[in-house]
Amino acid sequence: HSGTMGDKAIYHYNVPAGSAGQSQIAQDFNRDGVVVIPGFASAEEVKGMKDRMQQLIEQWDPSLSKGSVFHTYGNKNIREDYFLESASTVRFFLEPGAVDDTGEVRTDLPKGEMINKVGHALHFLDPVFSEYAQSDKIKQIVKDLGYVDPVLPQSMYIFKQGKIGAEVTAHQDSTYLYTTPHQTCLGMWLALDDADVHNGCLWARKGSHMEPLRSLFKRTTDENGKMVLRNCPIEDNGDEEGSVGHRAREWVNIIPGGVVDYCEESVKH
């Protein structure tokens, strides 16, 4: 069935992975570049992941995350080693508003309200998150979408902070997860809380997966031989017009790496 936001249709599918209805999901996914599956995760799975993240936050020392503010539009203030090494561990990344003018981590905020995201190896280092990320239903839906030998390169737990949470500007995931000879990046975004247009739900522009990649996030060296990360523009194609919002707890949103997606800042406290 489908819901609407304005005059834009959002297609939802109440069918279990591996059922006959999956063929229609694949068709719409290939055409639109996005599908939404309500109830994909159980209430128990959602609670388990939220409880586990709370435990990780309690164990975390914010002072160790200095220089970890990440932006989709540029990362001049991020420590490259902190970011790159997160591929094989679990690290906390701060909101821009969680640091003061000197770059020091603020001490007047509760720990849970200063985090932008946690990543990027939850899917194989943490048993609670790996159980979901490597579950049979995840494998089945990816297979139903035509993937033959997929790998799971990264995972992240994203926060939308009500007071200092920044927007995630329009981007394509393949900018950061680039594959050759074709772009095969696939994102699965699970809402752990009810999300709407007021508190930072995911937006995606239907059909934008057919457009060329706009930029590449490259690992290279500067004039001093230091390893750095640079966002290299390729071409500007389109904008956010025609985007549709995706929301609701326990729903999973599936988008390929070429789709233009973004999250607005949360205006709810």
# chains A, B, ... in the order shown; residues from 1 in each chain; ligands from 1

call {"tool": "closest_atom_pairs", "arguments": {"of": "region 21-61 of chain A", "to": "region 85-107 of chain A", "cutoff": "12 Å", "atoms": "only C-alpha atoms", "output": "Markdown table"}}
result
| residue | atom | partner | partner_atom | distance |
| --- | --- | --- | --- | --- |
| A:Met53 | CA | A:Phe92 | CA | 11.0 |
| A:Leu56 | CA | A:Val90 | CA | 9.5 |
| A:Ile57 | CA | A:Phe92 | CA | 8.8 |
| A:Gln59 | CA | A:Phe92 | CA | 11.3 |
| A:Trp60 | CA | A:Phe92 | CA | 8.1 |
| A:Asp61 | CA | A:Phe92 | CA | 9.4 |

call {"tool": "residues_around", "arguments": {"residues": "Val259 (chain A)", "least_positions_apart": "3", "cutoff": "8 Å", "atoms": "only C-alpha atoms", "output": "PyMOL selection string"}}
result
chain A and resi 33-34+171-173+204-210+255-256

call {"tool": "write_last_selection", "arguments": {"atoms": "N, CA, C and O atoms", "output": "mmCIF file, in the first residue's frame"}}
result
data_model
loop_
_atom_site.group_PDB
_atom_site.id
_atom_site.type_symbol
_atom_site.label_atom_id
_atom_site.label_comp_id
_atom_site.auth_asym_id
_atom_site.auth_seq_id
_atom_site.Cartn_x
_atom_site.Cartn_y
_atom_site.Cartn_z
ATOM 1 N N GLY A 33 14.417 3.940 -6.548
ATOM 2 C CA GLY A 33 15.629 4.069 -5.760
ATOM 3 C C GLY A 33 15.387 4.074 -4.267
ATOM 4 O O GLY A 33 16.308 4.329 -3.490
ATOM 5 N N VAL A 34 14.158 3.779 -3.834
ATOM 6 C CA VAL A 34 13.864 3.750 -2.399
ATOM 7 C C VAL A 34 12.609 2.917 -2.171
ATOM 8 O O VAL A 34 11.662 2.977 -2.947
ATOM 9 N N HIS A 171 23.115 14.441 0.034
ATOM 10 C CA HIS A 171 24.337 13.745 -0.369
ATOM 11 C C HIS A 171 23.977 12.393 -0.972
ATOM 12 O O HIS A 171 22.833 11.947 -0.921
ATOM 13 N N GLN A 172 24.963 11.725 -1.535
ATOM 14 C CA GLN A 172 24.830 10.362 -2.033
ATOM 15 C C GLN A 172 25.794 9.485 -1.247
ATOM 16 O O GLN A 172 26.975 9.804 -1.112
ATOM 17 N N ASP A 173 25.321 8.368 -0.741
ATOM 18 C CA ASP A 173 26.171 7.507 0.083
ATOM 19 C C ASP A 173 27.374 6.973 -0.688
ATOM 20 O O ASP A 173 28.427 6.683 -0.093
ATOM 21 N N ALA A 204 14.450 11.323 0.911
ATOM 22 C CA ALA A 204 15.134 10.808 -0.274
ATOM 23 C C ALA A 204 14.405 11.296 -1.523
ATOM 24 O O ALA A 204 13.182 11.410 -1.527
ATOM 25 N N ARG A 205 15.160 11.615 -2.566
ATOM 26 C CA ARG A 205 14.561 12.080 -3.819
ATOM 27 C C ARG A 205 14.430 10.906 -4.771
ATOM 28 O O ARG A 205 15.409 10.351 -5.243
ATOM 29 N N LYS A 206 13.194 10.531 -5.035
ATOM 30 C CA LYS A 206 12.915 9.371 -5.880
ATOM 31 C C LYS A 206 13.509 9.556 -7.275
ATOM 32 O O LYS A 206 13.395 10.612 -7.872
ATOM 33 N N GLY A 207 14.155 8.501 -7.774
ATOM 34 C CA GLY A 207 14.718 8.516 -9.114
ATOM 35 C C GLY A 207 16.115 9.072 -9.200
ATOM 36 O O GLY A 207 16.765 8.969 -10.246
ATOM 37 N N SER A 208 16.627 9.651 -8.100
ATOM 38 C CA SER A 208 17.952 10.284 -8.161
ATOM 39 C C SER A 208 19.083 9.260 -8.236
ATOM 40 O O SER A 208 20.222 9.631 -8.517
ATOM 41 N N HIS A 209 18.762 7.969 -8.018
ATOM 42 C CA HIS A 209 19.799 6.936 -8.147
ATOM 43 C C HIS A 209 20.242 6.752 -9.595
ATOM 44 O O HIS A 209 21.267 6.117 -9.853
ATOM 45 N N MET A 210 19.478 7.330 -10.549
ATOM 46 C CA MET A 210 19.834 7.234 -11.962
ATOM 47 C C MET A 210 20.778 8.359 -12.390
ATOM 48 O O MET A 210 21.249 8.375 -13.525
ATOM 49 N N ILE A 255 17.849 2.257 0.450
ATOM 50 C CA ILE A 255 18.231 3.186 -0.605
ATOM 51 C C ILE A 255 19.593 2.823 -1.158
ATOM 52 O O ILE A 255 20.494 2.460 -0.414
ATOM 53 N N PRO A 256 19.751 2.904 -2.489
ATOM 54 C CA PRO A 256 21.075 2.670 -3.080
ATOM 55 C C PRO A 256 21.967 3.883 -2.874
ATOM 56 O O PRO A 256 21.494 4.980 -2.560
#

call {"tool": "select_by_dssp", "arguments": {"residues": "region 27-264 of chain A", "states": "strand (DSSP E)", "output": "ChimeraX atom specification"}}
result
/A:35-37,90-94,115-120,155-158,168-172,186-190,202-205,215-221,227-233,243-246,252-256,260-263

call {"tool": "residues_around", "arguments": {"residues": "Lys47 (chain A)", "least_positions_apart": "6", "cutoff": "12 Å", "atoms": "only C-alpha atoms", "output": "ChimeraX atom specification"}}
result
/A:41,53-54,128-129,132,191-193,249-250

call {"tool": "closest_residue", "arguments": {"among": "A:Phe83, A:Trp189, A:Phe217, A:Tyr157", "to": "Phe40 (chain A)", "atoms": "only C-alpha atoms"}}
result
A:Trp189

call {"tool": "residues_around", "arguments": {"residues": "Glu58 (chain A)", "least_positions_apart": "6", "cutoff": "12 Å", "atoms": "only C-alpha atoms", "output": "MDAnalysis selection string"}}
result
chainID A and resid 51:52 110:112

call {"tool": "write_last_selection", "arguments": {"atoms": "C-alpha atoms", "output": "compact mmCIF listing (two decimals), in the first residue's frame"}}
result
# COMPACT_ATOMS: atom_id res chain seq x y z
CA ASP A 51 19.27 -0.38 25.56
CA ARG A 52 22.67 -1.52 24.30
CA PRO A 110 24.60 15.37 29.24
CA LYS A 111 26.64 12.78 27.33
CA GLY A 112 23.63 11.42 25.52

call {"tool": "closest_residue", "arguments": {"among": "A:His198, A:Lys137, A:Arg219, A:Arg79", "to": "Thr175 (chain A)", "atoms": "only C-alpha atoms"}}
result
A:Arg219

call {"tool": "closest_residue", "arguments": {"among": "A:Gly39, A:Gly162, A:Gly119, A:Gly257", "to": "His182 (chain A)", "atoms": "only C-alpha atoms"}}
result
A:Gly257

call {"tool": "atom_distance", "arguments": {"atom1": "CA of Cys263 (chain A)", "atom2": "CA of Thr169 (chain A)"}}
result
6.6 Å

call {"tool": "closest_residue", "arguments": {"among": "A:Val69, A:Val168, A:Gly200, A:Leu190", "to": "Ile138 (chain A)", "atoms": "only C-alpha atoms"}}
result
A:Leu190

call {"tool": "atom_distance", "arguments": {"atom1": "CA of Ser215 (chain A)", "atom2": "CA of Tyr176 (chain A)"}}
result
8.9 Å

call {"tool": "select_by_dssp", "arguments": {"residues": "region 18-259 of chain A", "states": "alpha helix (DSSP H)", "output": "JSON, numbers by chain"}}
result
{"A": [22, 23, 24, 25, 26, 27, 28, 29, 30, 31, 32, 43, 44, 45, 46, 47, 48, 49, 50, 51, 52, 53, 54, 55, 56, 57, 58, 59, 80, 81, 82, 83, 84, 85, 122, 123, 124, 125, 127, 128, 129, 130, 131, 132, 133, 136, 137, 138, 139, 140, 141, 142, 143, 144]}

call {"tool": "write_last_selection", "arguments": {"atoms": "N, CA and C atoms", "output": "compact mmCIF listing (two decimals), in the first residue's frame"}}
result
# COMPACT_ATOMS: atom_id res chain seq x y z
N GLN A 22 8.00 -9.77 -2.73
CA GLN A 22 9.32 -9.18 -2.87
C GLN A 22 9.61 -8.77 -4.31
N SER A 23 9.03 -9.46 -5.30
CA SER A 23 9.30 -9.12 -6.69
C SER A 23 8.82 -7.70 -6.99
N GLN A 24 7.69 -7.30 -6.41
CA GLN A 24 7.18 -5.94 -6.60
C GLN A 24 8.08 -4.94 -5.91
N ILE A 25 8.61 -5.30 -4.73
CA ILE A 25 9.54 -4.42 -4.03
C ILE A 25 10.76 -4.15 -4.91
N ALA A 26 11.30 -5.20 -5.51
CA ALA A 26 12.48 -5.05 -6.36
C ALA A 26 12.20 -4.15 -7.55
N GLN A 27 11.03 -4.31 -8.15
CA GLN A 27 10.67 -3.47 -9.30
C GLN A 27 10.59 -2.00 -8.92
N ASP A 28 9.90 -1.73 -7.81
CA ASP A 28 9.76 -0.34 -7.38
C ASP A 28 11.09 0.23 -6.90
N PHE A 29 11.91 -0.61 -6.27
CA PHE A 29 13.24 -0.18 -5.83
C PHE A 29 14.09 0.23 -7.03
N ASN A 30 14.08 -0.57 -8.06
CA ASN A 30 14.87 -0.27 -9.26
C ASN A 30 14.38 0.99 -9.95
N ARG A 31 13.07 1.23 -9.89
CA ARG A 31 12.50 2.41 -10.54
C ARG A 31 12.69 3.68 -9.72
N ASP A 32 12.38 3.61 -8.42
CA ASP A 32 12.37 4.81 -7.58
C ASP A 32 13.67 5.03 -6.81
N ALA A 43 9.64 -5.06 17.97
CA ALA A 43 9.77 -4.14 19.11
C ALA A 43 10.88 -4.59 20.04
N GLU A 44 11.07 -5.91 20.16
CA GLU A 44 12.13 -6.44 21.02
C GLU A 44 13.50 -6.11 20.45
N GLU A 45 13.66 -6.21 19.13
CA GLU A 45 14.94 -5.87 18.51
C GLU A 45 15.26 -4.40 18.70
N VAL A 46 14.27 -3.55 18.52
CA VAL A 46 14.46 -2.11 18.68
C VAL A 46 14.86 -1.78 20.11
N LYS A 47 14.15 -2.33 21.06
CA LYS A 47 14.47 -2.08 22.47
C LYS A 47 15.86 -2.58 22.81
N GLY A 48 16.23 -3.74 22.28
CA GLY A 48 17.53 -4.29 22.56
C GLY A 48 18.66 -3.40 22.07
N MET A 49 18.50 -2.84 20.86
CA MET A 49 19.54 -1.97 20.32
C MET A 49 19.59 -0.64 21.06
N LYS A 50 18.44 -0.10 21.44
CA LYS A 50 18.45 1.16 22.19
C LYS A 50 19.04 0.98 23.59
N ASP A 51 18.71 -0.12 24.24
CA ASP A 51 19.27 -0.38 25.56
C ASP A 51 20.79 -0.57 25.48
N ARG A 52 21.23 -1.28 24.45
CA ARG A 52 22.67 -1.52 24.30
C ARG A 52 23.41 -0.22 24.05
N MET A 53 22.85 0.66 23.24
CA MET A 53 23.50 1.94 22.98
C MET A 53 23.59 2.76 24.26
N GLN A 54 22.56 2.71 25.08
CA GLN A 54 22.63 3.43 26.35
C GLN A 54 23.77 2.92 27.21
N GLN A 55 24.01 1.61 27.18
CA GLN A 55 25.14 1.05 27.92
C GLN A 55 26.48 1.56 27.37
N LEU A 56 26.58 1.62 26.05
CA LEU A 56 27.81 2.11 25.44
C LEU A 56 28.05 3.57 25.78
N ILE A 57 26.99 4.37 25.82
CA ILE A 57 27.12 5.78 26.17
C ILE A 57 27.61 5.93 27.61
N GLU A 58 27.08 5.11 28.50
CA GLU A 58 27.49 5.19 29.91
C GLU A 58 28.97 4.85 30.07
N GLN A 59 29.50 4.00 29.21
CA GLN A 59 30.91 3.60 29.29
C GLN A 59 31.85 4.58 28.57
N GLU A 80 41.56 12.92 11.05
CA GLU A 80 41.50 11.87 10.05
C GLU A 80 41.74 10.49 10.65
N ASP A 81 42.70 10.39 11.59
CA ASP A 81 42.99 9.08 12.17
C ASP A 81 41.80 8.56 12.97
N TYR A 82 41.12 9.45 13.67
CA TYR A 82 39.96 9.06 14.48
C TYR A 82 38.87 8.51 13.57
N PHE A 83 38.66 9.18 12.44
CA PHE A 83 37.62 8.76 11.50
C PHE A 83 38.00 7.47 10.79
N LEU A 84 39.19 7.40 10.22
CA LEU A 84 39.60 6.23 9.45
C LEU A 84 39.69 4.97 10.30
N GLU A 85 40.19 5.10 11.50
CA GLU A 85 40.34 3.93 12.37
C GLU A 85 39.00 3.43 12.90
N LEU A 122 29.90 -1.53 14.52
CA LEU A 122 28.94 -2.14 15.42
C LEU A 122 28.46 -3.49 14.89
N HIS A 123 28.41 -3.61 13.56
CA HIS A 123 27.83 -4.80 12.93
C HIS A 123 28.64 -6.06 13.13
N PHE A 124 29.92 -5.94 13.53
CA PHE A 124 30.68 -7.16 13.79
C PHE A 124 31.39 -7.17 15.13
N LEU A 125 31.43 -6.04 15.83
CA LEU A 125 32.10 -6.01 17.12
C LEU A 125 31.12 -6.12 18.29
N PRO A 127 27.68 -7.69 19.86
CA PRO A 127 26.77 -8.82 19.62
C PRO A 127 25.32 -8.42 19.40
N VAL A 128 24.84 -7.38 20.07
CA VAL A 128 23.45 -6.96 19.91
C VAL A 128 23.21 -6.42 18.50
N PHE A 129 24.10 -5.55 18.03
CA PHE A 129 23.92 -4.97 16.71
C PHE A 129 24.26 -5.96 15.60
N SER A 130 25.22 -6.82 15.82
CA SER A 130 25.57 -7.80 14.79
C SER A 130 24.45 -8.81 14.59
N GLU A 131 23.71 -9.11 15.65
CA GLU A 131 22.60 -10.06 15.52
C GLU A 131 21.55 -9.53 14.55
N TYR A 132 21.27 -8.23 14.63
CA TYR A 132 20.31 -7.64 13.69
C TYR A 132 20.93 -7.46 12.31
N ALA A 133 22.13 -6.88 12.25
CA ALA A 133 22.75 -6.54 10.97
C ALA A 133 23.03 -7.77 10.12
N ASP A 136 18.96 -13.21 9.18
CA ASP A 136 18.49 -13.84 7.95
C ASP A 136 17.59 -12.91 7.14
N LYS A 137 16.80 -12.08 7.81
CA LYS A 137 15.89 -11.20 7.07
C LYS A 137 16.65 -10.10 6.33
N ILE A 138 17.75 -9.64 6.90
CA ILE A 138 18.59 -8.68 6.19
C ILE A 138 19.19 -9.34 4.96
N LYS A 139 19.73 -10.53 5.14
CA LYS A 139 20.34 -11.26 4.02
C LYS A 139 19.31 -11.53 2.92
N GLN A 140 18.08 -11.87 3.33
CA GLN A 140 17.06 -12.22 2.34
C GLN A 140 16.62 -11.01 1.52
N ILE A 141 16.41 -9.86 2.17
CA ILE A 141 15.94 -8.70 1.42
C ILE A 141 17.01 -8.22 0.46
N VAL A 142 18.28 -8.31 0.86
CA VAL A 142 19.37 -7.92 -0.03
C VAL A 142 19.45 -8.88 -1.22
N LYS A 143 19.27 -10.15 -0.95
CA LYS A 143 19.26 -11.14 -2.03
C LYS A 143 18.09 -10.89 -2.98
N ASP A 144 16.91 -10.58 -2.42
CA ASP A 144 15.73 -10.33 -3.25
C ASP A 144 15.90 -9.10 -4.14
